[in-house]
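Student: CSV, C-alpha atoms, file target-v6.csv:
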chain,number,residue,atom,x,y,z
L,2,VAL,CA,-26.4,35.4,10.5
L,3,TYR,CA,-22.7,35.8,10.2
L,4,CYS,CA,-21.0,32.7,8.7
L,5,PRO,CA,-17.3,32.3,9.6
L,6,PHE,CA,-16.9,29.8,6.7
L,7,MET,CA,-16.9,29.7,3.0
L,8,VAL,CA,-17.2,26.8,0.6
L,9,ALA,CA,-14.7,27.1,-2.2
L,10,VAL,CA,-15.6,25.3,-5.5
L,11,ASP,CA,-12.7,24.4,-7.7
L,12,MET,CA,-13.2,25.6,-11.2
L,13,PHE,CA,-11.5,22.6,-12.8
L,14,SER,CA,-12.9,19.6,-10.8
L,15,ASP,CA,-16.0,20.8,-9.0
L,16,LYS,CA,-14.4,19.7,-5.8
L,17,GLU,CA,-15.5,21.6,-2.7
L,18,VAL,CA,-13.4,22.5,0.3
L,19,VAL,CA,-14.3,24.5,3.4
L,20,VAL,CA,-12.1,27.6,4.1
L,21,LEU,CA,-11.7,30.3,6.7
L,22,GLU,CA,-10.2,33.7,6.0
L,23,GLN,CA,-6.8,32.4,7.2
L,24,GLY,CA,-6.7,29.2,5.3
L,25,LEU,CA,-8.0,25.7,4.6
L,26,ILE,CA,-10.1,23.7,7.1
L,27,PRO,CA,-9.2,20.0,7.7
L,28,LYS,CA,-11.2,17.5,5.8
L,29,SER,CA,-13.2,16.5,8.9
L,30,PHE,CA,-15.2,19.7,8.3
L,31,SER,CA,-17.0,18.7,5.1
L,32,PRO,CA,-19.0,21.1,3.0
L,33,ALA,CA,-22.2,19.1,3.7
L,34,SER,CA,-21.8,19.4,7.5
L,35,ILE,CA,-21.1,23.2,7.2
L,36,ARG,CA,-24.3,23.6,5.1
L,37,LYS,CA,-26.3,22.0,7.9
L,38,LEU,CA,-25.0,24.6,10.4
L,39,PHE,CA,-25.1,27.5,7.9
L,40,PRO,CA,-27.7,27.0,5.2
L,41,LYS,CA,-26.6,30.2,3.5
L,42,VAL,CA,-22.9,29.6,3.5
L,43,PRO,CA,-21.3,31.7,0.8
L,44,HIS,CA,-19.7,29.9,-2.2
L,45,ILE,CA,-16.7,31.3,-4.0
L,46,PRO,CA,-14.8,30.0,-7.2
L,47,ALA,CA,-11.4,28.6,-6.5
L,48,LYS,CA,-8.3,27.5,-8.4
L,49,LEU,CA,-6.7,25.0,-6.0
L,50,SER,CA,-3.8,22.6,-6.3
L,51,TYR,CA,-2.7,19.8,-4.0
L,52,ASN,CA,1.1,19.4,-4.2
L,53,PRO,CA,3.0,18.1,-1.2
L,54,LEU,CA,6.3,18.3,-3.1
L,55,ALA,CA,6.0,22.1,-3.9
L,56,ASP,CA,6.9,24.9,-1.6
L,57,TYR,CA,4.1,25.9,0.7
L,58,GLU,CA,1.8,28.4,-1.0
L,59,PRO,CA,-0.9,30.0,1.3
L,60,LEU,CA,-4.4,30.4,0.0
L,61,LYS,CA,-5.1,33.9,-1.2
L,62,MET,CA,-7.7,35.8,-3.0
L,63,ASP,CA,-6.9,36.7,-6.6
L,64,MET,CA,-8.8,38.3,-9.4
L,65,TYR,CA,-9.8,36.2,-12.4
L,66,GLY,CA,-12.5,38.5,-13.7
L,67,VAL,CA,-14.2,37.6,-10.4
L,68,GLU,CA,-12.9,37.1,-6.9
L,69,CYS,CA,-11.2,33.7,-6.8
L,70,LEU,CA,-9.4,31.7,-4.1
L,71,SER,CA,-6.1,30.2,-5.2
L,72,GLY,CA,-3.1,28.3,-3.7
L,73,ASN,CA,-1.8,25.0,-2.6
L,74,SER,CA,-4.4,23.1,-0.5
L,75,TYR,CA,-1.9,20.6,1.0
L,76,ILE,CA,-1.7,20.9,4.8
L,77,ARG,CA,1.7,19.9,6.2
L,78,PRO,CA,1.8,17.8,9.4
L,79,GLU,CA,2.4,20.0,12.5
L,80,TRP,CA,5.5,18.2,13.5
L,81,MET,CA,7.3,19.4,10.4
L,82,LEU,CA,6.9,22.9,11.6
L,83,LEU,CA,8.6,22.3,15.0
L,84,GLU,CA,12.0,23.9,15.0
L,85,GLU,CA,13.2,22.7,18.4
L,86,ASP,CA,16.4,20.6,18.6
L,87,LEU,CA,15.5,17.0,19.4
L,88,PRO,CA,17.5,13.8,20.1
L,89,ASP,CA,18.7,12.2,16.8
L,90,GLU,CA,17.1,8.8,17.6
L,91,ILE,CA,13.8,6.9,17.4
L,92,PRO,CA,11.7,7.6,20.5
L,93,GLU,CA,11.3,4.5,22.6
L,94,VAL,CA,7.5,4.5,22.4
L,95,PHE,CA,7.7,4.0,18.7
L,96,LYS,CA,10.8,1.8,18.7
L,97,LYS,CA,9.3,-0.7,21.0
L,98,LEU,CA,6.3,-1.2,18.7
L,99,ILE,CA,8.3,-1.3,15.4
L,100,TRP,CA,10.8,-3.8,16.7
L,101,HIS,CA,8.0,-6.0,17.9
L,102,VAL,CA,5.9,-6.0,14.7
L,103,ILE,CA,9.0,-6.3,12.4
L,104,PRO,CA,11.6,-8.2,14.4
L,105,ASP,CA,14.0,-9.0,11.6
L,106,GLU,CA,16.5,-6.3,10.6
L,107,THR,CA,16.2,-6.6,6.8
L,108,PRO,CA,12.5,-6.0,6.4
L,109,ARG,CA,12.6,-3.4,9.2
L,110,GLU,CA,15.3,-1.4,7.2
L,111,TYR,CA,13.0,-1.6,4.1
L,112,PHE,CA,10.1,-0.3,6.3
L,113,PHE,CA,12.2,2.8,7.3
L,114,ASP,CA,13.3,3.3,3.7
L,115,TRP,CA,9.6,3.1,2.5
L,116,LEU,CA,8.5,5.6,5.2
L,117,HIS,CA,11.2,8.0,4.1
L,118,LYS,CA,10.1,7.8,0.5
L,119,SER,CA,6.5,8.3,1.4
L,120,LEU,CA,7.4,11.5,3.4
L,121,VAL,CA,9.8,13.2,0.9
L,122,ASP,CA,8.4,12.0,-2.4
L,123,ARG,CA,6.3,8.9,-3.1
L,124,ALA,CA,6.8,5.2,-2.5
L,125,TYR,CA,6.1,3.3,-5.7
L,126,THR,CA,5.6,-0.1,-4.1
L,127,PHE,CA,2.6,-1.2,-2.0
L,128,LEU,CA,3.8,-1.9,1.5
L,129,VAL,CA,2.1,-5.2,2.4
L,130,LEU,CA,1.6,-6.0,6.1
L,131,CYS,CA,0.1,-9.5,6.1
L,132,GLY,CA,0.1,-11.1,9.5
L,133,ASP,CA,-1.8,-12.5,12.4
L,134,LYS,CA,-4.5,-10.5,14.2
L,135,GLY,CA,-3.4,-8.6,17.3
L,136,ILE,CA,0.3,-8.2,16.5
L,137,GLY,CA,0.1,-4.4,16.2
L,138,LYS,CA,-0.7,-3.7,12.5
L,139,GLY,CA,-3.5,-1.2,13.6
L,140,LEU,CA,-1.1,0.6,15.8
L,141,ILE,CA,1.4,0.9,13.0
L,142,GLN,CA,-1.4,2.4,10.9
L,143,GLN,CA,-2.1,5.1,13.6
L,144,MET,CA,1.6,5.9,13.7
L,145,ILE,CA,1.9,6.3,9.9
L,146,PHE,CA,-1.3,8.3,9.7
L,147,ALA,CA,0.1,10.7,12.3
L,148,LEU,CA,3.4,11.1,10.5
L,149,HIS,CA,1.7,12.1,7.3
L,150,GLY,CA,-1.0,14.2,9.0
L,151,LYS,CA,-4.5,12.7,9.5
L,152,GLU,CA,-5.9,15.2,7.0
L,153,ASN,CA,-3.6,13.7,4.4
L,154,ALA,CA,-4.4,10.1,5.1
L,155,VAL,CA,-7.4,8.0,4.1
L,156,ASP,CA,-8.8,4.6,4.8
L,157,GLY,CA,-8.9,2.8,1.4
L,158,LYS,CA,-12.2,1.3,0.3
L,159,GLN,CA,-12.4,-2.1,-1.3
L,160,SER,CA,-14.5,-0.4,-4.1
L,161,THR,CA,-11.4,1.7,-5.0
L,162,LEU,CA,-9.7,-1.6,-6.0
L,163,SER,CA,-12.6,-3.2,-7.9
L,164,THR,CA,-14.7,-0.4,-9.4
L,165,GLN,CA,-14.0,2.7,-11.6
L,166,PHE,CA,-14.9,5.1,-8.8
L,167,ASN,CA,-11.6,6.0,-7.2
L,168,SER,CA,-11.9,9.7,-6.1
L,169,GLN,CA,-10.3,9.0,-2.7
L,170,LEU,CA,-6.9,8.6,-4.4
L,171,GLU,CA,-6.9,12.3,-5.1
L,172,ASP,CA,-5.4,14.9,-2.7
L,173,CYS,CA,-3.9,12.5,-0.2
L,174,ARG,CA,-0.4,11.4,0.9
L,175,LEU,CA,-1.2,8.0,2.4
L,176,ILE,CA,-3.9,5.4,1.7
L,177,TRP,CA,-4.3,2.3,3.9
L,178,PHE,CA,-6.3,-0.6,2.6
L,179,ASP,CA,-7.3,-2.5,5.8
L,180,GLU,CA,-8.5,-6.1,5.7
L,181,ALA,CA,-8.3,-5.8,1.9
L,182,LYS,CA,-8.7,-8.9,-0.2
L,183,ILE,CA,-6.6,-8.6,-3.4
L,184,ALA,CA,-7.9,-10.7,-6.2
L,185,LYS,CA,-6.0,-11.1,-9.5
L,186,THR,CA,-8.1,-8.4,-11.2
L,187,ASP,CA,-7.5,-6.1,-8.2
L,188,ALA,CA,-3.7,-6.7,-8.3
L,189,ASN,CA,-3.6,-5.5,-11.9
L,190,ASN,CA,-5.6,-2.4,-11.1
L,191,LEU,CA,-3.4,-1.6,-8.0
L,192,LYS,CA,-0.3,-1.7,-10.1
L,193,ARG,CA,-1.9,0.9,-12.5
L,194,ILE,CA,-2.8,3.3,-9.8
L,195,LEU,CA,0.8,3.6,-8.8
L,196,ASN,CA,1.5,5.7,-11.9
L,197,ASP,CA,2.1,9.4,-11.4
L,198,TYR,CA,-1.1,10.2,-13.3
L,199,VAL,CA,-4.3,8.4,-12.6
L,200,ALA,CA,-7.8,8.6,-14.2
L,201,ILE,CA,-10.0,9.9,-11.4
L,202,GLU,CA,-13.7,9.2,-11.8
L,203,ARG,CA,-16.5,10.5,-9.6
L,204,LYS,CA,-20.2,9.7,-9.9
L,205,GLY,CA,-21.7,12.2,-12.2
L,206,VAL,CA,-18.4,13.9,-13.1
L,207,ASP,CA,-16.3,13.3,-16.2
L,208,THR,CA,-13.1,11.3,-15.8
L,209,ARG,CA,-9.9,13.5,-15.4
L,210,GLN,CA,-6.2,12.6,-15.5
L,211,VAL,CA,-4.9,13.8,-12.1
L,212,ARG,CA,-1.4,13.9,-10.7
L,213,VAL,CA,-1.4,11.9,-7.5
L,214,TYR,CA,1.0,11.9,-4.5
L,215,PHE,CA,-0.1,9.0,-2.3
L,216,SER,CA,1.8,6.0,-1.0
L,217,ALA,CA,-0.2,2.9,-0.2
L,218,VAL,CA,-0.3,0.2,2.4
L,219,ILE,CA,-2.2,-3.1,2.2
L,220,SER,CA,-3.0,-4.8,5.6
L,221,ASN,CA,-4.6,-8.2,6.0
L,222,ASN,CA,-4.4,-11.4,8.0
L,223,ASP,CA,-3.8,-14.3,5.7
L,224,VAL,CA,-1.6,-14.9,2.6
L,225,SER,CA,-4.7,-16.1,0.7
L,226,ASP,CA,-6.0,-12.5,1.0
L,227,ASN,CA,-3.3,-11.5,-1.5
L,228,TYR,CA,-2.6,-12.3,-5.2
L,229,MET,CA,1.0,-12.0,-6.4
L,230,GLU,CA,2.9,-13.5,-9.3
L,231,HIS,CA,6.5,-14.4,-9.4
L,232,ASP,CA,7.5,-11.3,-11.4
L,233,ASP,CA,5.5,-8.8,-9.5
L,234,ARG,CA,7.6,-5.8,-8.6
L,235,ARG,CA,5.0,-3.4,-7.1
L,236,PHE,CA,4.4,-5.2,-3.9
L,237,ALA,CA,6.6,-5.3,-0.8
L,238,PRO,CA,5.3,-7.9,1.7
L,239,LEU,CA,7.3,-7.8,5.0
L,240,GLU,CA,7.9,-10.6,7.4
L,241,LEU,CA,6.0,-9.8,10.6
L,242,THR,CA,5.9,-11.3,14.1
L,243,HIS,CA,3.4,-14.0,15.2
L,244,LYS,CA,3.3,-12.7,18.8
L,245,PRO,CA,0.4,-10.7,20.1
L,246,TRP,CA,1.3,-7.2,21.1
L,247,ILE,CA,-0.9,-7.1,24.2
L,248,LYS,CA,1.2,-9.8,25.8
L,249,HIS,CA,4.5,-8.0,25.2
L,250,THR,CA,3.8,-4.5,26.6
L,251,GLU,CA,2.6,-2.8,29.7
L,252,ARG,CA,-0.7,-1.0,30.0
L,253,LYS,CA,0.9,2.4,30.5
L,254,TRP,CA,2.5,2.1,27.0
L,255,PHE,CA,-0.9,2.7,25.4
L,256,GLY,CA,-1.3,6.1,27.2
L,257,GLU,CA,2.3,7.1,26.1
L,258,PHE,CA,1.5,6.0,22.6
L,259,ASP,CA,-1.7,8.0,22.3
L,260,LYS,CA,0.1,11.1,23.7
L,261,ALA,CA,3.0,10.6,21.2
L,262,LEU,CA,0.5,10.6,18.3
L,263,SER,CA,-0.6,14.1,19.1
L,264,PRO,CA,0.0,16.3,15.9
L,265,ASN,CA,2.4,18.6,17.8
L,266,SER,CA,4.1,16.1,20.1
L,267,LYS,CA,7.9,16.1,20.4
L,268,GLU,CA,8.0,12.3,20.1
L,269,LEU,CA,6.3,12.4,16.7
L,270,ALA,CA,8.5,15.3,15.6
L,271,GLN,CA,11.6,13.5,16.8
L,272,PHE,CA,10.7,10.3,14.9
L,273,GLY,CA,9.7,12.2,11.8
L,274,LYS,CA,12.9,14.1,11.7
L,275,TRP,CA,14.9,11.0,12.3
L,276,LEU,CA,13.2,9.4,9.3
L,277,LEU,CA,14.0,12.4,7.1
L,278,ALA,CA,17.7,12.2,8.2
L,279,HIS,CA,18.3,8.5,8.4
L,280,GLY,CA,15.3,6.7,6.9
L,281,ARG,CA,16.9,6.4,3.4
L,282,LYS,CA,18.9,3.2,3.3
L,283,GLU,CA,21.8,3.1,0.8
L,284,SER,CA,21.6,-0.6,0.6
L,285,ILE,CA,18.1,-0.4,-0.9
L,286,LYS,CA,18.0,0.8,-4.5
L,287,PRO,CA,15.3,3.4,-5.4
L,288,GLN,CA,12.0,1.9,-6.2
L,289,GLU,CA,13.3,-1.6,-5.4
L,290,PRO,CA,10.7,-4.0,-4.0
L,291,TYR,CA,11.2,-6.2,-1.0
L,292,LEU,CA,11.1,-9.9,-2.2
L,293,GLY,CA,11.7,-11.9,0.9
L,294,ALA,CA,10.2,-15.0,2.5
L,295,LYS,CA,6.7,-13.5,2.8
L,296,PHE,CA,6.7,-12.7,-0.9
L,297,LYS,CA,7.5,-16.3,-1.8
L,298,GLU,CA,4.9,-17.6,0.5
L,299,ILE,CA,2.2,-15.4,-1.1
L,300,VAL,CA,3.3,-16.3,-4.6
L,301,GLU,CA,2.9,-20.0,-3.8
L,302,ALA,CA,-0.5,-19.4,-2.2
L,303,SER,CA,-1.6,-17.5,-5.4
L,304,LEU,CA,-1.0,-20.5,-7.7
L,305,ALA,CA,-4.0,-22.3,-9.2
L,306,ARG,CA,-4.3,-26.0,-8.3
L,307,TRP,CA,-3.2,-27.1,-11.8
L,308,GLN,CA,-0.1,-24.9,-11.4
L,309,GLU,CA,0.7,-26.6,-8.1
L,310,ALA,CA,0.2,-30.0,-9.7
L,311,VAL,CA,2.6,-29.1,-12.6
L,312,ILE,CA,5.3,-27.9,-10.1
L,313,GLU,CA,4.8,-31.1,-8.0
L,314,VAL,CA,5.4,-33.3,-11.1
L,315,LEU,CA,8.5,-31.4,-12.2
L,316,ARG,CA,10.1,-31.3,-8.8
L,317,ASP,CA,9.4,-35.0,-8.0
L,318,GLU,CA,12.0,-37.3,-9.5
L,319,ASP,CA,9.7,-40.4,-9.3
L,320,LEU,CA,6.8,-38.7,-10.9
L,321,LEU,CA,9.0,-37.1,-13.5
L,322,ASP,CA,10.5,-40.5,-14.3
L,323,LYS,CA,7.0,-41.9,-14.8
L,324,LEU,CA,6.2,-39.0,-17.1
L,325,MET,CA,9.3,-39.5,-19.2
L,326,GLU,CA,8.6,-43.3,-19.4
L,327,SER,CA,5.1,-42.6,-20.7
L,328,GLY,CA,6.6,-41.3,-24.0
L,329,THR,CA,6.8,-37.6,-23.4
L,330,LYS,CA,10.2,-36.5,-24.7
L,331,ASP,CA,10.0,-32.7,-24.1
L,332,TYR,CA,8.1,-31.7,-21.0
L,333,PHE,CA,8.7,-28.0,-21.7
L,334,LEU,CA,6.0,-28.3,-24.3
L,335,TYR,CA,4.0,-31.0,-22.6
L,336,ARG,CA,0.4,-30.7,-23.6
L,337,ASP,CA,-1.2,-34.0,-22.5
L,338,MET,CA,-3.0,-32.7,-19.4
L,339,LYS,CA,-4.6,-36.1,-18.6
L,340,LYS,CA,-1.1,-37.6,-17.8
L,341,ILE,CA,-0.4,-35.0,-15.2
L,342,VAL,CA,-3.9,-35.3,-13.8
L,343,GLY,CA,-3.3,-39.0,-13.4
L,344,LEU,CA,0.1,-38.7,-11.8
L,345,VAL,CA,-1.0,-36.1,-9.3
L,346,ALA,CA,-4.5,-37.6,-8.6
L,347,SER,CA,-2.8,-40.9,-7.6
L,348,ARG,CA,-1.5,-39.0,-4.6
L,349,ASP,CA,-4.4,-36.6,-4.1
L,350,LYS,CA,-7.7,-38.3,-4.4
L,351,SER,CA,-9.7,-35.1,-3.8
L,352,GLU,CA,-8.3,-33.5,-6.9
L,353,GLN,CA,-9.7,-36.0,-9.4
L,354,MET,CA,-11.7,-33.2,-11.1
L,355,MET,CA,-8.8,-30.8,-11.3
L,356,ARG,CA,-9.4,-28.2,-14.1
L,357,PHE,CA,-6.5,-27.6,-16.4
L,358,PRO,CA,-6.3,-24.7,-18.9
L,359,LYS,CA,-5.8,-24.9,-22.6
L,360,SER,CA,-2.3,-26.0,-23.9
L,361,ALA,CA,-1.2,-22.4,-24.7
L,362,LYS,CA,-1.7,-21.3,-21.1
L,363,PHE,CA,0.0,-24.4,-19.8
L,364,THR,CA,3.0,-23.9,-22.1
L,365,ASP,CA,3.3,-20.2,-21.0
L,366,PHE,CA,3.4,-21.2,-17.4
L,367,ILE,CA,6.1,-23.9,-18.0
L,368,ARG,CA,8.3,-21.5,-19.9
L,369,ASN,CA,7.8,-18.3,-17.9
L,370,HIS,CA,6.9,-19.0,-14.3
L,371,ARG,CA,10.1,-18.7,-12.2
L,372,ASP,CA,10.9,-20.3,-9.0
L,373,PRO,CA,11.0,-17.6,-6.3
L,374,ASP,CA,14.1,-19.2,-4.7
L,375,THR,CA,16.2,-19.9,-7.7
L,376,GLY,CA,14.9,-17.3,-10.2
L,377,LEU,CA,14.9,-20.1,-12.9
L,378,PRO,CA,11.9,-21.2,-15.0
L,379,VAL,CA,10.0,-23.7,-12.9
L,380,ALA,CA,10.8,-26.5,-15.4
L,381,LEU,CA,14.6,-26.0,-14.8
L,382,SER,CA,14.6,-25.3,-11.1
Represent the structure from my file as structure tokens, please.
Tutor:
Amino acid sequence: VYCPFMVAVDMFSDKEVVVLEQGLIPKSFSPASIRKLFPKVPHIPAKLSYNPLADYEPLKMDMYGVECLSGNSYIRPEWMLLEEDLPDEIPEVFKKLIWHVIPDETPREYFFDWLHKSLVDRAYTFLVLCGDKGIGKGLIQQMIFALHGKENAVDGKQSTLSTQFNSQLEDCRLIWFDEAKIAKTDANNLKRILNDYVAIERKGVDTRQVRVYFSAVISNNDVSDNYMEHDDRRFAPLELTHKPWIKHTERKWFGEFDKALSPNSKELAQFGKWLLAHGRKESIKPQEPYLGAKFKEIVEASLARWQEAVIEVLRDEDLLDKLMESGTKDYFLYRDMKKIVGLVASRDKSEQMMRFPKSAKFTDFIRNHRDPDTGLPVALS
């Protein structure tokens, strides 16, 4: 039986992709599904690279002692190939959504700048969309996936954050962690995977250092789903609306939106080309994070209870006077945890059993934790 497909096996990574004579097949056609249709599908060795930043290199058959497929396996979004002259403005169907989800100009400008970086190079900060359910975050995801090409975008798995198996980071341009809960250990791992080279590990395959090209988005509903410290510079949480999208649009908009997400739609091409021309904002320095009100809110929500207690004491003049009267002359090096417990517990009866760390950790917090508003060490702010 004639088989119109081949399965190419990369000689360096054991990755498999499905190919036709004229080129690569989108990821939705997996090697496993093709084998079910064609049990005797031919296999050929391949030397493939995935490089969105390089000039397009079509797949071709070369000779490396044996017949071998080589080339760049990156598939460009169809809208990038459209040469038609289009209006130099954001299409209304996208503008209405973006202006609703991100109503304030400053975070919206950062959003455009981040999108521009993700299309022409790579955004080295995690875009964090933390906001109420139903405001339109899922629609923003569909829009961003369409801009990058659905074959280049993946839904991030929680396991990618918390385990060593992270193969989905390879060969993609956009990864979206939906409903992700970012613990302290996850936050440290997330910052590592933003490096240009990442150790990719698959089950049963040796770990390899791989050049990666993805930009990443974290989307969740509550500030407690995220962990950030005052000096984090790899996260960019934006201020979002609290208003449900369904109550601020007409039913016909959804049909227009679905049509605009078509890979070859003029609206998508118009928006993509506007981003390429105007998305870069000169007011935002390269690789600069967005540290606005949402960032400060998440940092405060990430504090342990003992840290909140220390800040409460140091910011409260009455409590601080009592602390100084108790004989402590230098609260920068204050180690008597029981005095703070007693001062705070007098106000918060439910925290009588508050657990404090060892003195070295306490001293490190006093000296190094900076107030998000003033930038000063918390003991001075």
Student: If I take CA of Ser160 in chain L and CA of Ala237 in chain L, how far is one from the other in Å, to one decimal?
Tutor: 21.9 Å
Student: For Trp246 in chain L, which residue out of L:Leu292, L:Ile91, L:Ile103, L:Leu98 is the nearest one, using all atoms listed in the file?
Tutor: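 Closest candidate: L:Leu98.
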Student: Please, what distance in Å, to one decimal, runs between CA of Asn222 in chain L and CA of Ile299 in chain L?
Tutor: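 Separation of CA of Asn222 in chain L and CA of Ile299 in chain L: 11.9 Å.
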Student: Write out as a PyMOL selection string each polymer residue whose atoms come within 8 Å of Ile136 in chain L, counting all atoms listed in the file; drop sequence neighbours fewer than 5 positions from it.
Tutor: chain L and resi 102+242-247
Student: Which residue gives the smallest distance to Leu140 in chain L among L:Ala124, L:Leu49, L:Leu262, L:Ile285, with all atoms listed in the file counted?
Tutor: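 Closest residue, counting all atoms listed in the file: L:Leu262.
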Student: So which residues touch range 216-221 of chain L within 6 Å, counting only C-alpha atoms, skipping near sequence neighbours fewer than 4 positions away, as an MDAnalysis selection string?
Tutor: chainID L and resid 119 123:124 127:131 175:180
Student: Nearest residue to Tyr228 in chain L out of L:Ser284, L:Thr364, L:Ser303, L:Asn196, using all atoms listed in the file?
Tutor: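 Counting all atoms listed in the file, the residue closest to Tyr228 in chain L is L:Ser303.
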Student: Show me, as a list in words, the residues that have an atom within 12 Å of Ala294 in chain L when counting all atoms listed in the file, minus same-chain residues fewer than 3 positions from it.
Tutor: Asp105, Thr107, Pro108, Val224, Ala237, Pro238, Leu239, Glu240, Leu241, Tyr291, Lys297, Glu298, Ile299, Val300, Glu301, Pro373 and Asp374 of chain L
Student: Which is closest to Val311 in chain L among L:Phe366, L:Tyr214, L:Phe112, L:Trp100, if we use all atoms listed in the file?
Tutor: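 Ranking L:Phe366, L:Tyr214, L:Phe112, L:Trp100 by distance to Val311 in chain L, first place goes to L:Phe366.
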Student: Quick one: pull the distance between CA of Asp187 in chain L and CA of Pro53 in chain L, Å, one decimal.
Tutor: 27.3 Å
